[in-house]
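Participant: Contents of upload-v8.cif (mmCIF, C-alpha atoms):
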```cif
data_start
#
loop_
_atom_site.group_PDB
_atom_site.id
_atom_site.type_symbol
_atom_site.label_atom_id
_atom_site.label_comp_id
_atom_site.auth_asym_id
_atom_site.auth_seq_id
_atom_site.Cartn_x
_atom_site.Cartn_y
_atom_site.Cartn_z
ATOM 1 C CA MET L 603 0.000 0.000 0.000
ATOM 2 C CA LEU L 604 1.211 3.458 -0.831
ATOM 3 C CA LYS L 605 2.130 5.418 2.207
ATOM 4 C CA LEU L 606 2.112 9.161 2.032
ATOM 5 C CA ASN L 607 4.011 11.180 4.494
ATOM 6 C CA THR L 608 2.713 14.667 4.917
ATOM 7 C CA TYR L 609 4.924 17.391 6.187
ATOM 8 C CA ALA L 610 3.706 20.548 7.754
ATOM 9 C CA GLN L 611 5.219 22.788 5.121
ATOM 10 C CA PHE L 612 5.436 26.409 6.068
ATOM 11 C CA PHE L 613 3.831 28.500 3.362
ATOM 12 C CA GLN L 614 2.432 31.971 3.649
ATOM 13 C CA TYR L 615 1.106 34.131 0.880
ATOM 14 C CA TYR L 616 0.468 37.871 1.001
ATOM 15 C CA GLN L 617 -0.702 40.299 -1.628
ATOM 16 C CA LEU L 618 -0.986 44.089 -1.838
ATOM 17 C CA SER L 619 -2.135 46.384 -4.619
ATOM 18 C CA VAL L 620 -1.145 50.061 -4.740
ATOM 19 C CA ASP L 621 -1.451 53.010 -7.139
ATOM 20 C CA SER L 622 1.411 54.081 -9.381
ATOM 21 C CA ASN L 623 2.854 56.967 -7.419
ATOM 22 C CA TYR L 624 5.927 57.466 -5.303
ATOM 23 C CA GLU L 625 3.939 57.880 -2.100
ATOM 24 C CA SER L 626 2.790 54.255 -2.442
ATOM 25 C CA LEU L 627 6.271 53.023 -1.569
ATOM 26 C CA ASP L 628 5.698 54.103 2.025
ATOM 27 C CA LYS L 629 2.573 51.936 2.121
ATOM 28 C CA VAL L 630 4.382 48.964 0.571
ATOM 29 C CA LEU L 631 7.215 49.175 3.090
ATOM 30 C CA SER L 632 5.006 49.421 6.170
ATOM 31 C CA TRP L 633 2.889 46.534 4.899
ATOM 32 C CA PHE L 634 6.007 44.450 4.291
ATOM 33 C CA GLU L 635 7.498 45.296 7.682
ATOM 34 C CA ALA L 636 4.443 43.796 9.376
ATOM 35 C CA LEU L 637 4.972 40.462 7.570
ATOM 36 C CA ARG L 638 8.343 39.743 9.132
ATOM 37 C CA LYS L 639 8.645 36.429 10.972
ATOM 38 C CA PRO L 640 10.839 35.931 14.014
ATOM 39 C CA PHE L 641 12.780 33.105 12.296
ATOM 40 C CA ILE L 642 13.860 35.265 9.342
ATOM 41 C CA PRO L 643 17.218 36.949 10.014
ATOM 42 C CA ARG L 644 17.009 40.732 10.205
ATOM 43 C CA GLN L 645 19.701 41.270 7.552
ATOM 44 C CA VAL L 646 17.753 39.105 5.085
ATOM 45 C CA TRP L 647 14.622 41.112 5.743
ATOM 46 C CA ILE L 648 16.440 44.417 5.191
ATOM 47 C CA GLU L 649 17.802 43.081 1.899
ATOM 48 C CA CYS L 650 14.270 42.135 0.857
ATOM 49 C CA GLN L 651 13.088 45.664 1.713
ATOM 50 C CA THR L 652 15.901 47.086 -0.405
ATOM 51 C CA MET L 653 14.960 44.821 -3.327
ATOM 52 C CA LEU L 654 11.268 45.730 -3.034
ATOM 53 C CA GLY L 655 12.260 49.405 -3.200
ATOM 54 C CA GLU L 656 14.345 48.792 -6.332
ATOM 55 C CA GLY L 657 11.567 46.827 -8.047
ATOM 56 C CA PHE L 658 9.018 49.477 -7.156
ATOM 57 C CA ASP L 659 11.174 52.406 -8.328
ATOM 58 C CA ASN L 660 11.786 50.552 -11.554
ATOM 59 C CA VAL L 661 8.066 50.117 -12.287
ATOM 60 C CA LEU L 662 7.431 53.826 -11.765
ATOM 61 C CA ALA L 663 10.473 54.994 -13.713
ATOM 62 C CA HIS L 664 10.022 52.660 -16.692
ATOM 63 C CA ALA L 665 7.035 50.305 -16.983
ATOM 64 C CA HIS L 666 4.413 52.771 -15.691
ATOM 65 C CA GLU L 667 6.186 55.976 -16.681
ATOM 66 C CA LYS L 668 3.517 56.919 -19.215
ATOM 67 C CA LEU L 669 0.567 55.102 -17.650
ATOM 68 C CA PRO L 670 -2.108 56.722 -15.455
ATOM 69 C CA LYS L 671 -1.521 56.933 -11.694
ATOM 70 C CA GLU L 672 -4.459 54.581 -11.113
ATOM 71 C CA THR L 673 -2.594 51.722 -12.821
ATOM 72 C CA PRO L 674 -2.133 49.159 -10.060
ATOM 73 C CA ILE L 675 1.203 47.769 -8.963
ATOM 74 C CA ASP L 676 0.607 44.399 -7.361
ATOM 75 C CA ILE L 677 3.052 42.978 -4.886
ATOM 76 C CA GLU L 678 3.084 39.333 -3.830
ATOM 77 C CA VAL L 679 5.163 37.926 -1.039
ATOM 78 C CA ILE L 680 5.476 34.209 -0.462
ATOM 79 C CA ILE L 681 7.318 33.028 2.606
ATOM 80 C CA LEU L 682 8.504 29.436 2.723
ATOM 81 C CA SER L 683 10.584 27.826 5.415
ATOM 82 C CA GLN L 684 13.869 28.743 3.690
ATOM 83 C CA LEU L 685 12.811 30.978 0.816
ATOM 84 C CA ILE L 686 11.234 34.359 0.305
ATOM 85 C CA ILE L 687 9.647 34.986 -3.070
ATOM 86 C CA LEU L 688 8.813 38.526 -4.132
ATOM 87 C CA LYS L 689 6.774 39.324 -7.225
ATOM 88 C CA ILE L 690 6.186 42.851 -8.457
ATOM 89 C CA TRP L 691 3.595 43.082 -11.211
ATOM 90 C CA ASP L 692 3.402 45.821 -13.808
ATOM 91 C CA TRP L 693 1.379 46.723 -16.903
ATOM 92 C CA GLY L 694 4.301 48.031 -18.964
ATOM 93 C CA SER L 695 5.624 46.867 -22.287
ATOM 94 C CA GLY L 696 8.380 44.822 -20.674
ATOM 95 C CA PHE L 697 12.150 44.761 -20.985
ATOM 96 C CA ASP L 698 14.912 42.247 -21.532
ATOM 97 C CA ILE L 699 16.308 41.558 -18.086
ATOM 98 C CA GLU L 700 19.000 39.178 -19.383
ATOM 99 C CA GLN L 701 20.463 42.038 -21.441
ATOM 100 C CA GLN L 702 20.568 44.179 -18.297
ATOM 101 C CA LYS L 703 22.240 41.392 -16.332
ATOM 102 C CA ILE L 704 24.976 41.186 -18.944
ATOM 103 C CA ARG L 705 25.442 44.944 -18.791
ATOM 104 C CA VAL L 706 25.914 44.991 -14.993
ATOM 105 C CA SER L 707 28.066 41.856 -15.000
ATOM 106 C CA GLN L 708 30.724 43.976 -16.682
ATOM 107 C CA GLY L 709 30.634 46.261 -13.674
ATOM 108 C CA VAL L 710 28.824 49.515 -13.017
ATOM 109 C CA ASP L 711 30.956 52.649 -13.130
ATOM 110 C CA GLN L 712 31.367 53.931 -9.582
ATOM 111 C CA TYR L 713 30.438 57.411 -10.728
ATOM 112 C CA ALA L 714 27.413 56.375 -12.795
ATOM 113 C CA GLU L 715 24.265 58.239 -11.821
ATOM 114 C CA ASN L 716 21.847 55.407 -12.578
ATOM 115 C CA GLY L 717 21.575 51.742 -13.517
ATOM 116 C CA ARG L 718 22.319 50.215 -10.122
ATOM 117 C CA GLY L 719 18.926 48.581 -9.573
ATOM 118 C CA ILE L 720 19.666 45.332 -11.406
ATOM 119 C CA GLN L 721 23.141 45.204 -9.870
ATOM 120 C CA ILE L 722 21.589 45.291 -6.399
ATOM 121 C CA LEU L 723 19.050 42.578 -7.226
ATOM 122 C CA GLU L 724 21.623 40.313 -8.860
ATOM 123 C CA GLN L 725 23.926 40.640 -5.902
ATOM 124 C CA THR L 726 21.312 40.100 -3.238
ATOM 125 C CA ALA L 727 18.940 37.445 -4.558
ATOM 126 C CA GLU L 728 19.554 33.840 -5.588
ATOM 127 C CA HIS L 729 17.401 34.377 -8.651
ATOM 128 C CA VAL L 730 16.051 37.412 -10.475
ATOM 129 C CA GLY L 731 13.728 37.109 -13.450
ATOM 130 C CA TYR L 732 11.291 39.226 -15.388
ATOM 131 C CA ILE L 733 8.377 37.347 -16.827
ATOM 132 C CA ASN L 734 5.633 38.275 -19.243
ATOM 133 C CA SER L 735 2.950 36.143 -17.759
ATOM 134 C CA ASP L 736 -0.370 36.444 -19.543
ATOM 135 C CA GLY L 737 0.393 38.648 -22.517
ATOM 136 C CA GLU L 738 -0.785 41.660 -20.547
ATOM 137 C CA ARG L 739 1.182 41.925 -17.382
ATOM 138 C CA ASN L 740 4.792 41.288 -16.378
ATOM 139 C CA TYR L 741 6.326 40.484 -13.071
ATOM 140 C CA LEU L 742 9.717 40.889 -11.570
ATOM 141 C CA LEU L 743 10.521 37.675 -9.751
ATOM 142 C CA ILE L 744 12.960 37.740 -6.863
ATOM 143 C CA ILE L 745 13.930 34.605 -4.977
ATOM 144 C CA LYS L 746 15.876 35.020 -1.782
ATOM 145 C CA MET L 747 17.093 32.093 0.282
ATOM 146 C CA TYR L 748 17.647 32.264 4.007
ATOM 147 C CA VAL L 749 18.702 30.093 6.883
ATOM 148 C CA PRO L 750 15.970 30.245 9.526
ATOM 149 C CA LEU L 751 16.994 31.372 12.973
ATOM 150 C CA PRO L 752 16.599 28.706 15.653
ATOM 151 C CA ALA L 753 13.448 29.054 17.722
ATOM 152 C CA ILE L 754 14.109 30.821 20.967
ATOM 153 C CA SER L 755 13.723 28.339 23.757
ATOM 154 C CA THR L 756 11.523 29.441 26.587
ATOM 155 C CA SER L 757 12.596 26.653 28.927
ATOM 156 C CA SER L 758 14.878 27.518 31.790
ATOM 157 C CA PRO L 759 18.579 26.653 31.504
ATOM 158 C CA LEU L 760 19.787 23.386 33.003
ATOM 159 C CA MET D 696 30.786 86.607 6.295
ATOM 160 C CA THR D 697 29.870 83.537 4.318
ATOM 161 C CA THR D 698 28.735 80.250 5.737
ATOM 162 C CA ILE D 699 31.320 77.634 4.943
ATOM 163 C CA ALA D 700 29.568 74.562 6.299
ATOM 164 C CA GLU D 701 25.911 73.604 5.935
ATOM 165 C CA ILE D 702 23.931 70.622 7.126
ATOM 166 C CA VAL D 703 21.151 69.204 4.979
ATOM 167 C CA GLN D 704 18.740 66.864 6.725
ATOM 168 C CA PRO D 705 16.306 65.091 4.397
ATOM 169 C CA SER D 706 13.536 62.988 5.881
ATOM 170 C CA GLY D 707 11.319 60.069 4.923
ATOM 171 C CA ILE D 708 11.839 57.910 1.857
ATOM 172 C CA LEU D 709 14.462 58.903 -0.685
ATOM 173 C CA SER D 710 13.517 57.413 -4.071
ATOM 174 C CA GLN D 711 13.236 58.187 -7.756
ATOM 175 C CA GLY D 712 10.369 60.542 -6.881
ATOM 176 C CA ASN D 713 12.406 63.026 -4.843
ATOM 177 C CA ALA D 714 16.094 62.276 -5.357
ATOM 178 C CA ASP D 715 16.407 65.299 -7.652
ATOM 179 C CA LEU D 716 15.257 67.599 -4.839
ATOM 180 C CA LEU D 717 18.271 66.618 -2.765
ATOM 181 C CA ARG D 718 20.586 67.218 -5.679
ATOM 182 C CA SER D 719 19.167 70.687 -6.438
ATOM 183 C CA GLU D 720 19.221 71.696 -2.767
ATOM 184 C CA ILE D 721 22.933 71.005 -2.642
ATOM 185 C CA THR D 722 23.627 72.651 -5.974
ATOM 186 C CA SER D 723 22.031 75.835 -4.630
ATOM 187 C CA LEU D 724 24.232 75.701 -1.515
ATOM 188 C CA LEU D 725 27.317 75.420 -3.726
ATOM 189 C CA GLU D 726 26.141 78.432 -5.708
ATOM 190 C CA LYS D 727 26.006 80.403 -2.454
ATOM 191 C CA GLY D 728 29.636 79.545 -1.870
ATOM 192 C CA VAL D 729 29.191 76.836 0.770
ATOM 193 C CA LYS D 730 32.253 74.587 0.728
ATOM 194 C CA ILE D 731 31.547 71.923 3.320
ATOM 195 C CA ILE D 732 28.257 70.063 3.245
ATOM 196 C CA LEU D 733 26.963 67.345 5.537
ATOM 197 C CA ILE D 734 23.926 65.311 4.573
ATOM 198 C CA ASP D 735 22.511 63.957 7.802
ATOM 199 C CA PHE D 736 20.511 60.787 7.062
ATOM 200 C CA GLN D 737 19.121 60.459 10.568
ATOM 201 C CA ASP D 738 15.515 60.909 9.423
ATOM 202 C CA VAL D 739 15.808 59.017 6.146
ATOM 203 C CA THR D 740 13.882 55.822 6.761
ATOM 204 C CA PHE D 741 14.515 54.206 3.394
ATOM 205 C CA MET D 742 16.509 54.812 0.234
ATOM 206 C CA THR D 743 16.521 53.245 -3.233
ATOM 207 C CA SER D 744 19.441 53.268 -5.674
ATOM 208 C CA SER D 745 17.998 56.468 -7.165
ATOM 209 C CA GLY D 746 19.191 58.100 -3.964
ATOM 210 C CA ILE D 747 22.677 56.706 -4.593
ATOM 211 C CA GLY D 748 22.537 58.151 -8.116
ATOM 212 C CA ALA D 749 21.592 61.572 -6.757
ATOM 213 C CA LEU D 750 24.403 61.412 -4.191
ATOM 214 C CA VAL D 751 26.971 60.532 -6.848
ATOM 215 C CA ALA D 752 25.806 63.487 -8.960
ATOM 216 C CA THR D 753 25.988 65.691 -5.872
ATOM 217 C CA LEU D 754 29.481 64.500 -5.048
ATOM 218 C CA LYS D 755 30.669 65.342 -8.549
ATOM 219 C CA ALA D 756 29.209 68.853 -8.230
ATOM 220 C CA VAL D 757 30.793 69.360 -4.801
ATOM 221 C CA ASN D 758 34.190 68.151 -6.043
ATOM 222 C CA ALA D 759 33.960 70.434 -9.075
ATOM 223 C CA ALA D 760 33.335 73.355 -6.720
ATOM 224 C CA ASP D 761 36.359 72.384 -4.601
ATOM 225 C CA GLY D 762 34.092 71.542 -1.721
ATOM 226 C CA LYS D 763 33.735 68.598 0.628
ATOM 227 C CA LEU D 764 30.730 66.343 1.039
ATOM 228 C CA TYR D 765 30.067 64.271 4.134
ATOM 229 C CA ILE D 766 27.216 61.977 5.039
ATOM 230 C CA CYS D 767 26.301 60.621 8.457
ATOM 231 C CA SER D 768 23.788 58.674 10.562
ATOM 232 C CA LEU D 769 22.726 56.002 8.094
ATOM 233 C CA SER D 770 19.900 53.661 9.064
ATOM 234 C CA GLU D 771 20.367 49.900 8.641
ATOM 235 C CA GLN D 772 18.634 49.821 5.269
ATOM 236 C CA VAL D 773 20.468 52.870 3.927
ATOM 237 C CA LYS D 774 23.738 51.296 5.069
ATOM 238 C CA ASN D 775 22.705 48.109 3.241
ATOM 239 C CA ILE D 776 22.245 49.915 -0.069
ATOM 240 C CA PHE D 777 25.576 51.735 0.350
ATOM 241 C CA GLU D 778 27.315 48.408 0.889
ATOM 242 C CA LEU D 779 25.560 46.650 -1.994
ATOM 243 C CA THR D 780 26.595 49.391 -4.409
ATOM 244 C CA LYS D 781 30.067 49.666 -2.832
ATOM 245 C CA MET D 782 29.412 53.326 -2.234
ATOM 246 C CA GLU D 783 30.667 53.275 1.347
ATOM 247 C CA GLN D 784 34.178 53.273 -0.151
ATOM 248 C CA ILE D 785 33.470 56.518 -1.978
ATOM 249 C CA PHE D 786 31.426 58.360 0.632
ATOM 250 C CA ARG D 787 32.971 57.011 3.827
ATOM 251 C CA PRO D 788 29.885 57.611 5.968
ATOM 252 C CA LEU D 789 30.403 59.116 9.420
ATOM 253 C CA ALA D 790 28.694 57.728 12.491
ATOM 254 C CA ASN D 791 26.958 60.935 13.493
ATOM 255 C CA ARG D 792 27.002 64.721 13.518
ATOM 256 C CA GLN D 793 29.550 64.820 16.291
ATOM 257 C CA GLU D 794 32.089 62.942 14.197
ATOM 258 C CA PHE D 795 31.454 65.448 11.404
ATOM 259 C CA GLU D 796 32.066 68.408 13.682
ATOM 260 C CA GLU D 797 35.331 66.918 14.887
ATOM 261 C CA LYS D 798 36.487 66.316 11.309
ATOM 262 C CA VAL D 799 35.543 69.783 10.118
ATOM 263 C CA LEU D 800 37.208 71.464 13.080
ATOM 264 C CA ILE D 801 40.454 69.754 12.161
ATOM 265 C CA GLU D 802 40.119 70.835 8.557
ATOM 266 C CA ILE D 803 39.389 74.501 9.140
ATOM 267 C CA ALA D 804 41.675 74.910 12.136
#
```
Could you quickly redo this structure as structure tokens?

Facilitator:
Amino acid sequence: MLKLNTYAQFFQYYQLSVDSNYESLDKVLSWFEALRKPFIPRQVWIECQTMLGEGFDNVLAHAHEKLPKETPIDIEVIILSQLIILKIWDWGSGFDIEQQKIRVSQGVDQYAENGRGIQILEQTAEHVGYINSDGERNYLLIIKMYVPLPAISTSSPL
Amino acid sequence: MTTIAEIVQPSGILSQGNADLLRSEITSLLEKGVKIILIDFQDVTFMTSSGIGALVATLKAVNAADGKLYICSLSEQVKNIFELTKMEQIFRPLANRQEFEEKVLIEIA
């Protein structure tokens, strides 16, 4: 007889939709801050905040540059036991992320005044992708791995 | 008498939406003849790489005017973005305003 073992897999999904304006970033960051789990290291969480900020800035500066302010930016956060997945959805015409990765792999000039967003994502995440999902929308996919912090024991020392 | 040192203290989120404001504020100080500028990040809660871009542009303008640019009091996230872009090597952030005052005193003494 087939025996199935089931594991209590940790999986949490969160979603937020905001308007296309710079003030929305404040909302995104406070929302994200409230999602933090005690077993996710603080440094990892800060890096995720930084990457969210880059993804968000990028949507406003490029994908939604010429679109109305009401155009939604959807953010999805999936927290697994050792992975954080961030998705930032836009309604723009898309861009070739692989081309951008090649550009930054040759190094960004220290005195350049822009073009550091992809560099930051590439350096911080285990995987960065940009996917045209349904012919209408795109999403920036960021996968960040982490080593969970041990649970703090509440029992008294021996 | 002209002011030689000025402190600029932005607050809130520094992103693509307002990075240019910081740059123009500092350009106007340089035009007034200010030579030493400190940007105190104490109240900056978050910064994107657009902020780094604006700071690099500002640094170039300050250098061209023979001035000196200092930054201090970075939050954890701002520090993170400085490290990721290797900008801490260029800007050498100071711990706080006190460290700035000590440095400037040495320079103008």

Participant: For Val757 in chain D, which of D:Glu726, D:Lys781, D:Met742, D:Val773 is the closest residue, counting all atoms listed in the file?

Facilitator: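 Looking only at the distances to Val757 in chain D, the closest residue turns out to be D:Glu726.
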
Participant: Interatomic distance between CA of Gly696 in chain L and CA of Gly657 in chain L?

Facilitator: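 Computed distance, CA of Gly696 in chain L to CA of Gly657 in chain L, equals 13.2 Å.
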
Participant: Considering only C-alpha atoms, return as a VMD selection string whatever protein or nucleic-acid residues lie within 6 Å of range 672-683 of chain L, sequence-local ones (same chain, fewer than 3 positions apart) excluded.

Facilitator: chain L and resid 612 to 622 686 to 692

Participant: Residues as selected, C-alpha atoms, written as a PDB file, in the coordinates of the input, can you do that?

Facilitator:
```pdb
ATOM      1  CA  PHE L 612       5.436  26.409   6.068  1.00  0.00           C
ATOM      2  CA  PHE L 613       3.831  28.500   3.362  1.00  0.00           C
ATOM      3  CA  GLN L 614       2.432  31.971   3.649  1.00  0.00           C
ATOM      4  CA  TYR L 615       1.106  34.131   0.880  1.00  0.00           C
ATOM      5  CA  TYR L 616       0.468  37.871   1.001  1.00  0.00           C
ATOM      6  CA  GLN L 617      -0.702  40.299  -1.628  1.00  0.00           C
ATOM      7  CA  LEU L 618      -0.986  44.089  -1.838  1.00  0.00           C
ATOM      8  CA  SER L 619      -2.135  46.384  -4.619  1.00  0.00           C
ATOM      9  CA  VAL L 620      -1.145  50.061  -4.740  1.00  0.00           C
ATOM     10  CA  ASP L 621      -1.451  53.010  -7.139  1.00  0.00           C
ATOM     11  CA  SER L 622       1.411  54.081  -9.381  1.00  0.00           C
ATOM     12  CA  ILE L 686      11.234  34.359   0.305  1.00  0.00           C
ATOM     13  CA  ILE L 687       9.647  34.986  -3.070  1.00  0.00           C
ATOM     14  CA  LEU L 688       8.813  38.526  -4.132  1.00  0.00           C
ATOM     15  CA  LYS L 689       6.774  39.324  -7.225  1.00  0.00           C
ATOM     16  CA  ILE L 690       6.186  42.851  -8.457  1.00  0.00           C
ATOM     17  CA  TRP L 691       3.595  43.082 -11.211  1.00  0.00           C
ATOM     18  CA  ASP L 692       3.402  45.821 -13.808  1.00  0.00           C
TER      19      ASP L 692
END
```

Participant: Residues of chain D that approach chain L to 10 Å or less, counting only C-alpha atoms: could you list each one with the shortest pair of atoms and its distance in Å to one decimal, rows by chain and increasing residue number, as CSV?

Facilitator:
```
residue,atom,partner,partner_atom,distance
D:Gly707,CA,L:Asp628,CA,8.7
D:Ile708,CA,L:Asp628,CA,7.2
D:Leu709,CA,L:Tyr624,CA,9.8
D:Ser710,CA,L:Asp659,CA,7.0
D:Gln711,CA,L:Asp659,CA,6.2
D:Gly712,CA,L:Tyr624,CA,5.6
D:Asn713,CA,L:Tyr624,CA,8.6
D:Thr740,CA,L:Asp628,CA,9.6
D:Phe741,CA,L:Thr652,CA,8.2
D:Met742,CA,L:Gly655,CA,7.7
D:Thr743,CA,L:Gly655,CA,5.7
D:Ser744,CA,L:Arg718,CA,6.1
D:Ser745,CA,L:Asn716,CA,6.7
D:Gly746,CA,L:Glu715,CA,9.4
D:Ile747,CA,L:Glu715,CA,7.6
D:Gly748,CA,L:Glu715,CA,4.1
D:Ala749,CA,L:Glu715,CA,6.6
D:Leu750,CA,L:Glu715,CA,8.3
D:Val751,CA,L:Tyr713,CA,6.1
D:Ala752,CA,L:Glu715,CA,6.2
D:Thr753,CA,L:Glu715,CA,9.7
D:Leu754,CA,L:Tyr713,CA,9.1
D:Lys755,CA,L:Tyr713,CA,8.2
D:Glu771,CA,L:Ile648,CA,7.6
D:Gln772,CA,L:Ile648,CA,5.8
D:Val773,CA,L:Thr652,CA,8.5
D:Asn775,CA,L:Glu649,CA,7.1
D:Ile776,CA,L:Thr652,CA,7.0
D:Glu778,CA,L:Ile722,CA,9.8
D:Leu779,CA,L:Ile722,CA,6.1
D:Thr780,CA,L:Ile722,CA,6.8
D:Lys781,CA,L:Gln712,CA,8.1
D:Met782,CA,L:Gln712,CA,7.6
D:Gln784,CA,L:Gln712,CA,9.9
D:Ile785,CA,L:Gln712,CA,8.3
```

Participant: Could you tell me how far CA of Asn758 in chain D sits from CA of Arg787 in chain D, in Å to one decimal place?

Facilitator: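 Going from CA of Arg787 in chain D over to CA of Asn758 in chain D covers 14.9 Å.
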
Participant: As a list of chain:residue names, please: the residues near Glu738 in chain L (cut-off 9 Å, all atoms listed in the file, same-chain neighbours under 6 positions excluded).

Facilitator: L:Asp692, L:Trp693, L:Gly694, L:Ser695

Participant: Using CA of Leu724 in chain D and CA of Ile766 in chain D as the two end points, give the distance in Å to one decimal.

Facilitator: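 These two atoms are separated by 15.5 Å.
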
Participant: Running the PyMOL selection byres ((chain D and resi 768) around 6) on this model by hand, what would come out? Give it as a JSON list (two decimals) with C-alpha atoms, in the coordinates of the input.

Facilitator:
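Written file, expr31.json:
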```json
[["chain", "number", "residue", "atom", "x", "y", "z"],
["D", 736, "PHE", "CA", 20.51, 60.79, 7.06],
["D", 737, "GLN", "CA", 19.12, 60.46, 10.57],
["D", 767, "CYS", "CA", 26.30, 60.62, 8.46],
["D", 769, "LEU", "CA", 22.73, 56.00, 8.09],
["D", 790, "ALA", "CA", 28.69, 57.73, 12.49],
["D", 791, "ASN", "CA", 26.96, 60.94, 13.49]]
```

Participant: I need the output of the PyMOL selection byres ((chain L and resi 699) around 10) for this file as a list in words; which residues are they?

Facilitator: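 Here the PyMOL selection byres ((chain L and resi 699) around 10) matches Gly696, Phe697, Asp698, Glu700, Gln701, Gln702, Lys703, Ile704, Arg705, Ile720, Val730, Gly731, Tyr732, Ile733 and Leu742 of chain L.
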
Participant: With only C-alpha atoms as the atoms that count, which of D:Gly728, D:Asp738, D:Leu733, D:Lys774 lies nearest to Gln793 in chain D?

Facilitator: D:Leu733

Participant: Which neighbours of Ile642 in chain L fall inside 6 Å, counting only C-alpha atoms, when residues of the same chain fewer than 2 positions from it are skipped, and could you give them as a ChimeraX atom specification?

Facilitator: /L:639-640,750

Participant: Nearest to Leu685 in chain L among L:Ala636, L:Ala727, L:Val706, L:Ala665, with distances taken over all atoms listed in the file: which residue is it?

Facilitator: L:Ala727

Participant: Excluding Glu796 in chain D and its own-chain neighbours fewer than 3 positions away, which residues fall within 12 Å of it when counting only C-alpha atoms? Please give them as a list in words.

Facilitator: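 Those residues are Ala700, Glu701, Ile702, Ile731, Ile732, Leu733, Tyr765, Ile766, Cys767, Leu789, Ala790, Asn791, Arg792, Gln793, Val799, Leu800, Ile801, Glu802, Ile803 and Ala804 of chain D.
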
Participant: Keeping only C-alpha atoms, write the selected residues to a file as a PDB file, in the frame of the given file.

Facilitator:
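This went into result.pdb:
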```
ATOM      1  CA  ALA D 700      29.568  74.562   6.299  1.00  0.00           C
ATOM      2  CA  GLU D 701      25.911  73.604   5.935  1.00  0.00           C
ATOM      3  CA  ILE D 702      23.931  70.622   7.126  1.00  0.00           C
ATOM      4  CA  ILE D 731      31.547  71.923   3.320  1.00  0.00           C
ATOM      5  CA  ILE D 732      28.257  70.063   3.245  1.00  0.00           C
ATOM      6  CA  LEU D 733      26.963  67.345   5.537  1.00  0.00           C
ATOM      7  CA  TYR D 765      30.067  64.271   4.134  1.00  0.00           C
ATOM      8  CA  ILE D 766      27.216  61.977   5.039  1.00  0.00           C
ATOM      9  CA  CYS D 767      26.301  60.621   8.457  1.00  0.00           C
ATOM     10  CA  LEU D 789      30.403  59.116   9.420  1.00  0.00           C
ATOM     11  CA  ALA D 790      28.694  57.728  12.491  1.00  0.00           C
ATOM     12  CA  ASN D 791      26.958  60.935  13.493  1.00  0.00           C
ATOM     13  CA  ARG D 792      27.002  64.721  13.518  1.00  0.00           C
ATOM     14  CA  GLN D 793      29.550  64.820  16.291  1.00  0.00           C
ATOM     15  CA  VAL D 799      35.543  69.783  10.118  1.00  0.00           C
ATOM     16  CA  LEU D 800      37.208  71.464  13.080  1.00  0.00           C
ATOM     17  CA  ILE D 801      40.454  69.754  12.161  1.00  0.00           C
ATOM     18  CA  GLU D 802      40.119  70.835   8.557  1.00  0.00           C
ATOM     19  CA  ILE D 803      39.389  74.501   9.140  1.00  0.00           C
ATOM     20  CA  ALA D 804      41.675  74.910  12.136  1.00  0.00           C
TER      21      ALA D 804
END
```
